[in-house]
file protein-v7.csv (CSV, C-alpha atoms (C1' of nucleotides))
chain,number,residue,atom,x,y,z
A,1,MET,CA,1.9,-10.4,13.2
A,2,ALA,CA,-1.8,-10.4,13.7
A,3,LEU,CA,-2.4,-13.0,16.4
A,4,PRO,CA,-4.5,-16.1,15.7
A,5,SER,CA,-8.0,-15.2,14.8
A,6,THR,CA,-9.2,-16.6,18.1
A,7,TYR,CA,-7.4,-14.2,20.3
A,8,ALA,CA,-6.7,-16.8,22.9
A,9,ASP,CA,-4.4,-14.6,24.8
A,10,ARG,CA,-6.5,-11.6,25.7
A,11,ASN,CA,-4.6,-11.3,28.9
A,12,CYS,CA,-1.1,-11.1,27.7
A,13,SER,CA,0.4,-7.7,27.1
A,14,LEU,CA,3.4,-9.5,25.5
A,15,ALA,CA,1.1,-10.8,22.8
A,16,ARG,CA,-0.4,-7.3,22.4
A,17,ALA,CA,3.0,-5.7,22.1
A,18,LEU,CA,4.1,-8.3,19.6
A,19,GLU,CA,1.1,-7.5,17.4
A,20,VAL,CA,2.6,-4.1,17.0
A,21,VAL,CA,6.3,-4.8,16.8
A,22,GLY,CA,6.5,-8.6,16.5
A,23,GLU,CA,6.5,-8.9,12.7
A,24,ARG,CA,9.6,-9.6,10.8
A,25,TRP,CA,11.6,-6.4,10.0
A,26,THR,CA,9.5,-4.2,12.4
A,27,LEU,CA,12.0,-4.0,15.2
A,28,LEU,CA,14.9,-3.4,12.8
A,29,ILE,CA,13.0,-0.5,11.3
A,30,VAL,CA,12.5,0.9,14.8
A,31,ARG,CA,16.1,0.4,15.6
A,32,ASP,CA,17.1,2.3,12.5
A,33,ALA,CA,14.7,5.0,13.6
A,34,PHE,CA,16.6,5.3,16.9
A,35,TYR,CA,19.8,5.5,14.9
A,36,GLY,CA,18.4,8.5,13.1
A,37,VAL,CA,17.1,7.0,9.8
A,38,ARG,CA,14.0,8.9,8.7
A,39,ARG,CA,13.6,8.4,4.9
A,40,PHE,CA,11.8,5.6,3.1
A,41,GLY,CA,14.7,5.0,0.8
A,42,ASP,CA,17.3,4.9,3.6
A,43,PHE,CA,15.3,2.3,5.5
A,44,ALA,CA,15.0,0.3,2.3
A,45,THR,CA,18.7,0.2,1.4
A,46,GLN,CA,19.8,0.0,5.0
A,47,LEU,CA,17.8,-3.1,5.8
A,48,GLY,CA,17.6,-4.7,2.4
A,49,ILE,CA,13.9,-5.1,2.9
A,50,PRO,CA,11.5,-5.3,0.0
A,51,ARG,CA,10.0,-2.0,-0.6
A,52,ALA,CA,6.5,-3.4,-0.6
A,53,VAL,CA,7.0,-4.9,2.8
A,54,LEU,CA,8.6,-1.6,4.1
A,55,THR,CA,5.5,0.3,2.9
A,56,GLY,CA,3.3,-2.0,4.9
A,57,ARG,CA,5.4,-2.0,8.1
A,58,LEU,CA,5.7,1.8,8.1
A,59,LYS,CA,1.9,2.2,7.6
A,60,HIS,CA,1.3,-0.2,10.5
A,61,LEU,CA,3.8,1.6,12.8
A,62,VAL,CA,2.2,5.0,11.9
A,63,GLN,CA,-1.2,3.6,12.5
A,64,GLU,CA,-0.1,2.3,15.9
A,65,GLY,CA,1.4,5.7,16.8
A,66,VAL,CA,5.0,4.4,17.0
A,67,LEU,CA,6.1,6.6,14.1
A,68,VAL,CA,4.8,9.8,12.6
A,69,ARG,CA,4.8,10.3,8.9
A,70,ASP,CA,5.8,13.9,8.2
A,71,ASP,CA,5.1,15.1,4.7
A,72,ASP,CA,6.2,18.7,4.1
A,73,GLY,CA,4.0,19.1,1.1
A,74,ALA,CA,7.0,19.5,-1.2
A,75,GLY,CA,7.4,15.7,-1.5
A,76,THR,CA,9.8,15.3,1.3
A,77,VAL,CA,8.6,12.5,3.6
A,78,GLU,CA,10.1,11.7,7.0
A,79,TYR,CA,9.2,9.0,9.5
A,80,ARG,CA,10.0,9.8,13.1
A,81,LEU,CA,9.6,8.1,16.4
A,82,THR,CA,6.9,9.3,18.7
A,83,ASP,CA,7.1,9.2,22.5
A,84,LYS,CA,5.3,5.8,22.3
A,85,GLY,CA,8.0,4.7,19.8
A,86,ILE,CA,10.8,6.0,22.1
A,87,GLY,CA,9.2,3.9,24.8
A,88,LEU,CA,10.4,0.8,22.8
A,89,TRP,CA,14.0,1.7,23.7
A,90,PRO,CA,14.3,-0.7,26.6
A,91,ILE,CA,13.2,-3.6,24.4
A,92,VAL,CA,15.7,-2.7,21.7
A,93,ARG,CA,18.4,-2.3,24.2
A,94,SER,CA,17.8,-5.5,26.0
A,95,LEU,CA,17.7,-7.4,22.7
A,96,MET,CA,20.9,-5.9,21.6
A,97,SER,CA,22.5,-6.7,25.0
A,98,TRP,CA,21.3,-10.3,24.9
A,99,GLY,CA,22.6,-10.7,21.3
A,100,ASP,CA,26.0,-9.2,22.3
A,101,ALA,CA,26.2,-11.4,25.3
A,102,HIS,CA,25.6,-14.6,23.4
A,103,TYR,CA,26.8,-14.1,19.9
A,104,SER,CA,29.6,-11.5,20.0
A,105,PRO,CA,32.5,-13.1,21.8
A,106,ALA,CA,34.8,-10.2,20.9
A,107,GLY,CA,32.6,-7.7,22.8
A,108,VAL,CA,29.6,-5.6,22.2
A,109,LYS,CA,29.2,-4.5,18.6
A,110,ARG,CA,27.8,-1.1,19.6
A,111,ALA,CA,28.7,0.6,22.8
A,112,LEU,CA,26.3,3.0,24.6
A,113,ARG,CA,27.5,6.0,26.5
A,114,HIS,CA,25.9,8.8,28.4
A,115,ASP,CA,26.7,11.7,26.2
A,116,ARG,CA,26.8,14.2,29.1
A,117,ASP,CA,29.4,12.6,31.2
A,118,GLY,CA,30.8,9.9,28.9
A,119,GLY,CA,29.9,7.1,31.3
A,120,PRO,CA,29.2,3.7,29.9
A,121,ILE,CA,25.6,2.5,30.1
A,122,ASP,CA,25.0,-0.9,31.7
A,123,PRO,CA,22.6,-3.5,30.5
A,124,ASP,CA,19.8,-2.0,32.6
A,125,GLY,CA,20.1,1.4,30.9
A,126,ARG,CA,21.8,3.2,33.7
A,127,CYS,CA,24.9,5.3,33.4
A,128,GLU,CA,27.7,3.8,35.4
A,129,LYS,CA,29.1,7.2,36.2
A,130,CYS,CA,26.1,9.2,37.3
A,131,GLY,CA,23.8,6.2,38.1
A,132,ALA,CA,20.8,7.7,36.3
A,133,VAL,CA,18.6,5.9,33.8
A,134,VAL,CA,19.8,7.7,30.7
A,135,PRO,CA,17.0,9.3,28.6
A,136,VAL,CA,17.2,8.3,24.9
A,137,PRO,CA,18.3,11.6,23.4
A,138,GLU,CA,21.3,11.7,25.8
A,139,ILE,CA,22.6,8.3,24.6
A,140,ARG,CA,25.6,8.2,22.4
A,141,ILE,CA,26.2,5.1,20.3
A,142,GLU,CA,29.5,4.1,18.9
A,143,PRO,CA,31.3,1.1,17.5
A,144,GLY,CA,32.3,-1.3,20.2
A,145,PRO,CA,35.1,-3.9,20.4
A,146,GLY,CA,33.0,-6.5,18.6
A,147,PHE,CA,32.4,-4.2,15.6
A,148,GLN,CA,33.6,-5.6,12.3
A,149,PRO,CA,34.1,-3.1,9.6
A,150,GLY,CA,32.5,-4.2,6.3
A,151,THR,CA,34.5,-5.7,3.5
A,152,THR,CA,32.8,-3.7,0.8
A,153,ASP,CA,32.9,0.1,1.2
A,154,PRO,CA,29.7,1.3,2.7
A,155,ASP,CA,27.2,3.7,1.4
A,156,PRO,CA,27.1,7.1,3.0
A,157,VAL,CA,24.2,6.3,5.3
A,158,SER,CA,25.9,3.2,6.7
A,159,SER,CA,29.1,5.0,7.4
A,160,LYS,CA,27.2,7.6,9.3
A,161,LEU,CA,25.5,4.9,11.2
A,162,ASN,CA,28.9,3.5,12.2
A,163,THR,CA,30.2,6.8,13.5
A,164,PRO,CA,29.6,7.9,17.1
A,165,LYS,CA,26.4,9.9,17.3
A,166,ARG,CA,23.5,10.5,19.6
A,167,LEU,CA,20.3,8.5,19.2
A,168,LEU,CA,17.4,10.2,17.3
A,169,GLU,CA,19.8,12.7,15.7
A,170,PRO,CA,18.7,12.6,12.1
A,171,ILE,CA,20.9,11.1,9.4
A,172,THR,CA,20.7,12.9,6.2
A,173,SER,CA,21.3,10.9,3.1
A,174,ALA,CA,23.3,11.8,0.0
A,175,HIS,CA,23.4,15.4,-1.1
A,176,SER,CA,22.4,17.2,2.0
A,177,GLY,CA,24.9,15.4,4.2
B,178,MET,CA,13.2,-15.5,10.9
B,179,ALA,CA,16.5,-16.1,9.2
B,180,LEU,CA,17.7,-12.8,8.0
B,181,PRO,CA,18.0,-11.9,4.4
B,182,SER,CA,20.4,-14.2,2.6
B,183,THR,CA,22.8,-11.3,2.2
B,184,TYR,CA,23.4,-10.7,5.9
B,185,ALA,CA,23.6,-7.0,5.5
B,186,ASP,CA,23.6,-6.4,9.2
B,187,ARG,CA,26.6,-8.2,10.5
B,188,ASN,CA,27.1,-5.6,13.1
B,189,CYS,CA,23.8,-5.6,14.7
B,190,SER,CA,23.2,-7.7,17.8
B,191,LEU,CA,19.6,-6.8,17.5
B,192,ALA,CA,19.4,-8.6,14.2
B,193,ARG,CA,21.3,-11.5,15.6
B,194,ALA,CA,19.0,-11.8,18.6
B,195,LEU,CA,16.0,-11.6,16.3
B,196,GLU,CA,17.2,-14.5,14.4
B,197,VAL,CA,16.8,-16.6,17.5
B,198,VAL,CA,13.7,-15.1,19.1
B,199,GLY,CA,12.2,-12.9,16.4
B,200,GLU,CA,10.0,-15.4,14.6
B,201,ARG,CA,6.3,-15.4,15.1
B,202,TRP,CA,5.3,-17.4,18.2
B,203,THR,CA,8.8,-17.8,19.6
B,204,LEU,CA,8.6,-15.2,22.3
B,205,LEU,CA,5.2,-16.4,23.3
B,206,ILE,CA,6.7,-19.9,23.8
B,207,VAL,CA,9.5,-18.4,25.9
B,208,ARG,CA,7.0,-16.5,27.9
B,209,ASP,CA,5.0,-19.6,28.6
B,210,ALA,CA,8.3,-21.3,29.6
B,211,PHE,CA,8.8,-18.5,32.2
B,212,TYR,CA,5.3,-19.2,33.4
B,213,GLY,CA,6.2,-22.8,34.0
B,214,VAL,CA,4.9,-24.5,30.9
B,215,ARG,CA,7.1,-27.4,30.0
B,216,ARG,CA,5.1,-29.9,27.9
B,217,PHE,CA,4.6,-30.0,24.2
B,218,GLY,CA,0.9,-30.4,24.5
B,219,ASP,CA,0.6,-27.6,27.0
B,220,PHE,CA,2.4,-25.1,24.7
B,221,ALA,CA,0.2,-26.2,21.8
B,222,THR,CA,-3.2,-25.8,23.5
B,223,GLN,CA,-2.1,-22.7,25.5
B,224,LEU,CA,-0.9,-20.8,22.4
B,225,GLY,CA,-3.2,-22.2,19.8
B,226,ILE,CA,-0.2,-22.7,17.7
B,227,PRO,CA,-0.2,-25.3,14.9
B,228,ARG,CA,1.8,-28.3,16.2
B,229,ALA,CA,4.0,-28.4,13.2
B,230,VAL,CA,5.1,-24.9,13.8
B,231,LEU,CA,5.6,-25.6,17.5
B,232,THR,CA,7.8,-28.5,16.6
B,233,GLY,CA,10.0,-26.3,14.5
B,234,ARG,CA,10.2,-23.5,17.0
B,235,LEU,CA,11.1,-25.8,19.9
B,236,LYS,CA,13.8,-27.4,17.8
B,237,HIS,CA,15.2,-24.1,17.0
B,238,LEU,CA,15.2,-22.9,20.5
B,239,VAL,CA,16.8,-26.1,21.7
B,240,GLN,CA,19.4,-25.8,19.0
B,241,GLU,CA,20.2,-22.2,20.1
B,242,GLY,CA,20.5,-23.2,23.7
B,243,VAL,CA,17.5,-21.3,24.9
B,244,LEU,CA,15.6,-24.4,26.0
B,245,VAL,CA,16.7,-27.9,26.9
B,246,ARG,CA,14.7,-30.9,25.8
B,247,ASP,CA,14.6,-33.4,28.7
B,248,ASP,CA,13.5,-36.8,27.8
B,249,ASP,CA,13.3,-39.2,30.8
B,250,GLY,CA,13.5,-42.3,28.6
B,251,ALA,CA,10.0,-43.3,29.6
B,252,GLY,CA,8.5,-41.0,27.0
B,253,THR,CA,8.0,-38.0,29.2
B,254,VAL,CA,9.5,-34.9,27.4
B,255,GLU,CA,10.0,-31.6,29.1
B,256,TYR,CA,11.3,-28.3,27.7
B,257,ARG,CA,13.0,-26.0,30.2
B,258,LEU,CA,14.7,-22.7,30.0
B,259,THR,CA,18.4,-22.7,30.2
B,260,ASP,CA,20.4,-19.8,31.8
B,261,LYS,CA,20.7,-18.3,28.3
B,262,GLY,CA,16.9,-18.5,28.0
B,263,ILE,CA,16.4,-17.0,31.4
B,264,GLY,CA,18.6,-14.1,30.1
B,265,LEU,CA,15.7,-13.3,27.9
B,266,TRP,CA,13.6,-12.1,30.8
B,267,PRO,CA,14.4,-8.4,30.5
B,268,ILE,CA,13.1,-8.6,26.9
B,269,VAL,CA,9.9,-10.3,27.9
B,270,ARG,CA,9.4,-8.0,30.8
B,271,SER,CA,10.0,-4.8,28.8
B,272,LEU,CA,7.6,-6.0,26.1
B,273,MET,CA,4.9,-6.7,28.6
B,274,SER,CA,5.5,-3.4,30.3
B,275,TRP,CA,5.2,-1.5,27.0
B,276,GLY,CA,2.1,-3.5,26.0
B,277,ASP,CA,0.5,-2.7,29.4
B,278,ALA,CA,1.4,1.0,29.2
B,279,HIS,CA,-0.2,1.5,25.8
B,280,TYR,CA,-2.9,-1.1,25.4
B,281,SER,CA,-4.2,-1.8,28.9
B,282,PRO,CA,-5.9,1.3,30.2
B,283,ALA,CA,-7.3,-0.5,33.2
B,284,GLY,CA,-3.9,-1.3,34.5
B,285,VAL,CA,-1.3,-4.1,34.1
B,286,LYS,CA,-2.7,-7.5,33.1
B,287,ARG,CA,-0.1,-9.3,35.2
B,288,ALA,CA,1.6,-7.8,38.2
B,289,LEU,CA,5.1,-8.8,39.3
B,290,ARG,CA,6.2,-8.9,42.8
B,291,HIS,CA,9.4,-9.8,44.7
B,292,ASP,CA,8.3,-13.1,46.3
B,293,ARG,CA,10.6,-12.6,49.3
B,294,ASP,CA,9.3,-9.3,50.5
B,295,GLY,CA,6.2,-8.8,48.5
B,296,GLY,CA,7.5,-5.5,47.0
B,297,PRO,CA,6.2,-4.6,43.5
B,298,ILE,CA,8.6,-4.7,40.7
B,299,ASP,CA,9.1,-1.6,38.6
B,300,PRO,CA,9.4,-1.5,34.8
B,301,ASP,CA,13.2,-1.8,35.2
B,302,GLY,CA,13.0,-5.0,37.1
B,303,ARG,CA,13.8,-3.6,40.5
B,304,CYS,CA,11.9,-4.4,43.6
B,305,GLU,CA,10.5,-1.1,44.9
B,306,LYS,CA,10.9,-2.4,48.5
B,307,CYS,CA,14.4,-3.7,48.6
B,308,GLY,CA,15.7,-1.9,45.5
B,309,ALA,CA,17.5,-5.0,44.1
B,310,VAL,CA,17.1,-6.3,40.6
B,311,VAL,CA,15.0,-9.3,41.3
B,312,PRO,CA,16.3,-12.7,40.0
B,313,VAL,CA,13.8,-14.5,37.9
B,314,PRO,CA,13.1,-17.4,40.3
B,315,GLU,CA,12.2,-14.9,43.0
B,316,ILE,CA,9.5,-13.2,40.9
B,317,ARG,CA,5.9,-13.9,41.7
B,318,ILE,CA,3.4,-13.2,38.9
B,319,GLU,CA,-0.3,-12.6,39.6
B,320,PRO,CA,-3.3,-11.1,37.8
B,321,GLY,CA,-3.3,-7.3,37.9
B,322,PRO,CA,-6.1,-4.8,37.7
B,323,GLY,CA,-6.2,-5.0,33.9
B,324,PHE,CA,-6.8,-8.7,34.0
B,325,GLN,CA,-10.0,-9.9,32.3
B,326,PRO,CA,-11.3,-13.3,33.4
B,327,GLY,CA,-12.2,-15.3,30.3
B,328,THR,CA,-15.8,-15.8,29.3
B,329,THR,CA,-15.5,-19.5,28.7
B,330,ASP,CA,-14.2,-21.6,31.6
B,331,PRO,CA,-10.6,-22.2,31.2
B,332,ASP,CA,-8.7,-25.4,30.9
B,333,PRO,CA,-6.7,-26.5,33.9
B,334,VAL,CA,-3.4,-25.2,32.6
B,335,SER,CA,-4.8,-21.8,31.9
B,336,SER,CA,-6.4,-21.5,35.3
B,337,LYS,CA,-3.0,-22.3,36.9
B,338,LEU,CA,-1.4,-19.7,34.7
B,339,ASN,CA,-3.8,-17.2,36.1
B,340,THR,CA,-3.1,-18.0,39.7
B,341,PRO,CA,-0.3,-16.3,41.6
B,342,LYS,CA,2.8,-18.3,41.3
B,343,ARG,CA,6.6,-17.9,40.9
B,344,LEU,CA,8.2,-17.9,37.5
B,345,LEU,CA,9.8,-21.1,36.4
B,346,GLU,CA,7.8,-23.2,38.8
B,347,PRO,CA,6.5,-26.0,36.7
B,348,ILE,CA,2.9,-26.3,35.8
B,349,THR,CA,1.7,-29.8,35.7
B,350,SER,CA,-1.1,-30.5,33.3
B,351,ALA,CA,-4.2,-32.7,33.9
B,352,HIS,CA,-3.9,-35.7,36.1
B,353,SER,CA,-0.8,-34.9,38.1
B,354,GLY,CA,-2.1,-31.5,39.2
C,355,DG,C1',9.1,24.0,-21.2
C,356,DG,C1',11.1,19.8,-21.9
C,357,DC,C1',14.8,16.6,-19.9
C,358,DG,C1',16.7,13.8,-16.4
C,359,DG,C1',17.4,12.4,-11.8
C,360,DC,C1',15.6,11.5,-7.3
C,361,DC,C1',12.3,9.7,-4.4
C,362,DA,C1',8.1,7.3,-2.3
C,363,DG,C1',5.4,3.9,-3.4
C,364,DT,C1',2.9,0.1,-6.5
C,365,DT,C1',2.6,-4.0,-9.3
C,366,DC,C1',3.3,-8.7,-10.1
C,367,DA,C1',4.9,-13.4,-10.8
C,368,DT,C1',7.3,-16.6,-7.9
C,369,DT,C1',8.6,-18.7,-3.7
C,370,DC,C1',8.1,-19.6,0.9
C,371,DA,C1',5.9,-20.2,5.4
C,372,DC,C1',1.9,-20.7,8.1
C,373,DT,C1',-2.6,-23.0,9.0
C,374,DG,C1',-5.5,-26.6,10.5
C,375,DA,C1',-6.9,-31.0,10.5
C,376,DA,C1',-6.0,-35.7,10.2
C,377,DC,C1',-2.9,-39.2,11.0
C,378,DC,C1',0.9,-42.1,13.4
C,379,DA,C1',3.8,-44.4,16.9
C,380,DA,C1',5.2,-45.2,21.6
C,381,DC,C1',3.8,-45.8,26.2
C,382,DG,C1',0.7,-46.8,30.4
C,383,DG,C1',-3.0,-48.6,32.6
C,384,DT,C1',-6.8,-52.1,33.0
D,385,DA,C1',-6.1,-56.8,23.7
D,386,DC,C1',-7.8,-52.2,24.1
D,387,DC,C1',-8.1,-47.4,25.1
D,388,DG,C1',-6.4,-42.8,26.3
D,389,DT,C1',-2.6,-39.7,26.5
D,390,DT,C1',1.4,-37.6,24.5
D,391,DG,C1',4.8,-36.1,21.1
D,392,DG,C1',5.2,-35.6,17.1
D,393,DT,C1',4.5,-35.9,11.3
D,394,DT,C1',2.0,-35.3,6.9
D,395,DC,C1',-0.3,-32.7,3.6
D,396,DA,C1',-3.4,-29.7,0.8
D,397,DG,C1',-4.9,-24.9,0.9
D,398,DT,C1',-3.9,-20.3,1.8
D,399,DG,C1',-1.6,-16.1,2.7
D,400,DA,C1',2.5,-13.4,3.1
D,401,DA,C1',7.4,-12.3,1.7
D,402,DT,C1',10.6,-11.7,-2.1
D,403,DG,C1',12.8,-9.1,-5.7
D,404,DA,C1',12.8,-6.7,-9.7
D,405,DA,C1',10.5,-3.7,-12.7
D,406,DC,C1',7.6,0.0,-13.0
D,407,DT,C1',4.8,4.6,-12.0
D,408,DG,C1',4.3,9.3,-11.0
D,409,DG,C1',5.3,13.6,-8.4
D,410,DC,C1',8.8,17.1,-7.7
D,411,DC,C1',13.0,19.3,-8.5
D,412,DG,C1',16.8,21.8,-10.9
D,413,DC,C1',18.7,22.8,-15.3
D,414,DC,C1',19.3,24.2,-19.7
call {"tool": "encode", "arguments": {"input": "protein-v7.csv", "output": "structure tokens"}}
result
Amino acid sequence: MALPSTYADRNCSLARALEVVGERWTLLIVRDAFYGVRRFGDFATQLGIPRAVLTGRLKHLVQEGVLVRDDDGAGTVEYRLTDKGIGLWPIVRSLMSWGDAHYSPAGVKRALRHDRDGGPIDPDGRCEKCGAVVPVPEIRIEPGPGFQPGTTDPDPVSSKLNTPKRLLEPITSAHSG
Amino acid sequence: MALPSTYADRNCSLARALEVVGERWTLLIVRDAFYGVRRFGDFATQLGIPRAVLTGRLKHLVQEGVLVRDDDGAGTVEYRLTDKGIGLWPIVRSLMSWGDAHYSPAGVKRALRHDRDGGPIDPDGRCEKCGAVVPVPEIRIEPGPGFQPGTTDPDPVSSKLNTPKRLLEPITSAHSG
DNA sequence: GGCGGCCAGTTCATTCACTGAACCAACGGT
DNA sequence: ACCGTTGGTTCAGTGAATGAACTGGCCGCC
């Protein structure tokens, strides 16, 4: 985003946060990272984002410490959320919740559950069964009542994204899956 | 923002929410609305946003039911948050909180308190004194330890924004204040 | 050891949106 | 009649997004 040159808003953490995750596409990339997407190509096809833009956004996110770029030396590159990136979860959750509440009359598109006890997670991120704020790796995501299966048959990555799974669990594309 | 023409992501409420509040400036406008800003000119000077862009964003937000445009017939126009707009509070709060946590080593720039009992509000939006999720109109906002007073002396609206006050309480610009 | 496929990333011409400053019209007060 | 305030609009210049084609490293395979 890069705020106006004259950084009028030195005292707003919201503006500061938006400099990191406020640009177009960025939060969608982060969301996919929560869903387990790690590969450049998977982000690209999943989001339909121009590759040049994706390159820039990933660089920015790595620079800001939201993602780490893990290059195994043999040419396999993976982007993974850092702890700082995982800290974005409440933002992603509350945006999804607001979107569901106002634009998905048939019910939530993706439901969240506490993987340990199966309890539903309320809009505040608490498990309705055990009452605890559920840590990200213990969250299971699955299609909700508002979910609409696509008309065209999905690529392998999409179908995995639409299957119940825990957050952060890697999605492997193509051959290795 | 207007997602890619081919709306690949029909099943993502995050994408849907970002269509409404994901464009540059939009969440800053919403934040200012929480702070009590209501006038076109105040948004413009406060944010340093080009007026043409502000016009477009306000129109969009009104269209989406996040703000109402209130024209008293005598030429006085006010933009106010609707209930749907107030529903964005958890998003604004969690973004501020993330920004403070990672970019404000001296402490939060703005502190939130439950106006009724003075209890501090935790990152989840709960009053640490009474334990309740604090409704927006009961939230008092005030400069925190990370707040940096500006070098240039502020316009009247800014100084009011930097004074403890409750959310949604209107800020009146210039003469009437 | 050359071939083909996969993958991350670049290049580039086109289109689109933002920027910033100037301008305009309605109203209020004097 | 005139001036200041307010909510916009207009417009040329600039920068960023788009989308499709391309590059180059690495792999397995014959």
call {"tool": "interface_residues", "arguments": {"input": "protein-v7.csv", "of": "chain D", "to": "chain B", "cutoff": "9 Å", "atoms": "all atoms listed in the file", "output": "PyMOL selection string"}}
result
chain D and resi 390-393
call {"tool": "atom_distance", "arguments": {"input": "protein-v7.csv", "atom1": "C1' of DG374 in chain C", "atom2": "CA of Arg208 in chain B"}}
result
23.7 Å
call {"tool": "interface_residues", "arguments": {"input": "protein-v7.csv", "of": "chain B", "to": "chain C", "cutoff": "8 Å", "atoms": "only C-alpha atoms (C1' of nucleotides)", "output": "PDB file with C-alpha atoms, in the frame of the given file"}}
result
ATOM      1  CA  PRO B 227      -0.200 -25.300  14.900  1.00  0.00           C
ATOM      2  CA  VAL B 230       5.100 -24.900  13.800  1.00  0.00           C
ATOM      3  CA  ALA B 251      10.000 -43.300  29.600  1.00  0.00           C
ATOM      4  CA  GLY B 252       8.500 -41.000  27.000  1.00  0.00           C
TER       5      GLY B 252
END
call {"tool": "interface_residues", "arguments": {"input": "protein-v7.csv", "of": "chain A", "to": "chain B", "cutoff": "9 Å", "atoms": "only C-alpha atoms", "output": "PyMOL selection string"}}
result
chain A and resi 1+4+6+8-18+22-24+27-28+31+46-49+84+87-88+90-104+108-110+124-125+146-150
call {"tool": "residues_around", "arguments": {"input": "protein-v7.csv", "residues": "His114 in chain A", "least_positions_apart": "5", "cutoff": "12 Å", "atoms": "all atoms listed in the file", "output": "list in words"}}
result
Gly119, Pro120, Ile121, Asp122, Gly125, Arg126, Cys127, Glu128, Lys129, Cys130, Gly131, Ala132, Val133, Val134, Pro135, Val136, Pro137, Glu138, Ile139, Arg140, Ile141, Glu142, Pro164, Lys165, Arg166 and Leu167 of chain A
call {"tool": "atom_distance", "arguments": {"input": "protein-v7.csv", "atom1": "CA of Gly213 in chain B", "atom2": "CA of Pro347 in chain B"}}
result
4.2 Å
call {"tool": "build_atoms", "arguments": {"input": "protein-v7.csv", "residues": "range 87-103 of chain A", "atoms": "N, CA and C atoms", "output": "compact mmCIF listing (two decimals), in the coordinates of the input"}}
result
# COMPACT_ATOMS: atom_id res chain seq x y z
N GLY A 87 9.43 4.79 23.69
CA GLY A 87 9.20 3.90 24.80
C GLY A 87 9.64 2.45 24.48
N LEU A 88 9.91 2.17 23.21
CA LEU A 88 10.40 0.80 22.80
C LEU A 88 11.88 0.66 23.11
N TRP A 89 12.54 1.73 23.51
CA TRP A 89 14.00 1.70 23.70
C TRP A 89 14.46 0.53 24.61
N PRO A 90 13.83 0.34 25.77
CA PRO A 90 14.30 -0.70 26.60
C PRO A 90 14.25 -2.11 25.94
N ILE A 91 13.29 -2.28 25.07
CA ILE A 91 13.20 -3.60 24.40
C ILE A 91 14.34 -3.70 23.38
N VAL A 92 14.59 -2.64 22.62
CA VAL A 92 15.70 -2.70 21.70
C VAL A 92 17.02 -2.88 22.40
N ARG A 93 17.19 -2.16 23.49
CA ARG A 93 18.40 -2.30 24.20
C ARG A 93 18.65 -3.65 24.80
N SER A 94 17.59 -4.22 25.38
CA SER A 94 17.80 -5.50 26.00
C SER A 94 18.00 -6.62 24.94
N LEU A 95 17.39 -6.46 23.79
CA LEU A 95 17.70 -7.40 22.70
C LEU A 95 19.09 -7.31 22.23
N MET A 96 19.57 -6.08 22.05
CA MET A 96 20.90 -5.90 21.60
C MET A 96 21.90 -6.48 22.65
N SER A 97 21.59 -6.23 23.92
CA SER A 97 22.50 -6.70 25.00
C SER A 97 22.51 -8.22 25.02
N TRP A 98 21.36 -8.84 24.85
CA TRP A 98 21.30 -10.30 24.90
C TRP A 98 22.09 -10.86 23.65
N GLY A 99 21.89 -10.23 22.50
CA GLY A 99 22.60 -10.70 21.30
C GLY A 99 24.10 -10.52 21.47
N ASP A 100 24.53 -9.41 22.03
CA ASP A 100 26.00 -9.20 22.30
C ASP A 100 26.50 -10.28 23.24
N ALA A 101 25.74 -10.51 24.30
CA ALA A 101 26.20 -11.40 25.30
C ALA A 101 26.42 -12.84 24.79
N HIS A 102 25.59 -13.24 23.84
CA HIS A 102 25.60 -14.60 23.40
C HIS A 102 26.17 -14.88 22.02
N TYR A 103 26.34 -13.83 21.25
CA TYR A 103 26.80 -14.10 19.90
C TYR A 103 27.86 -13.11 19.42
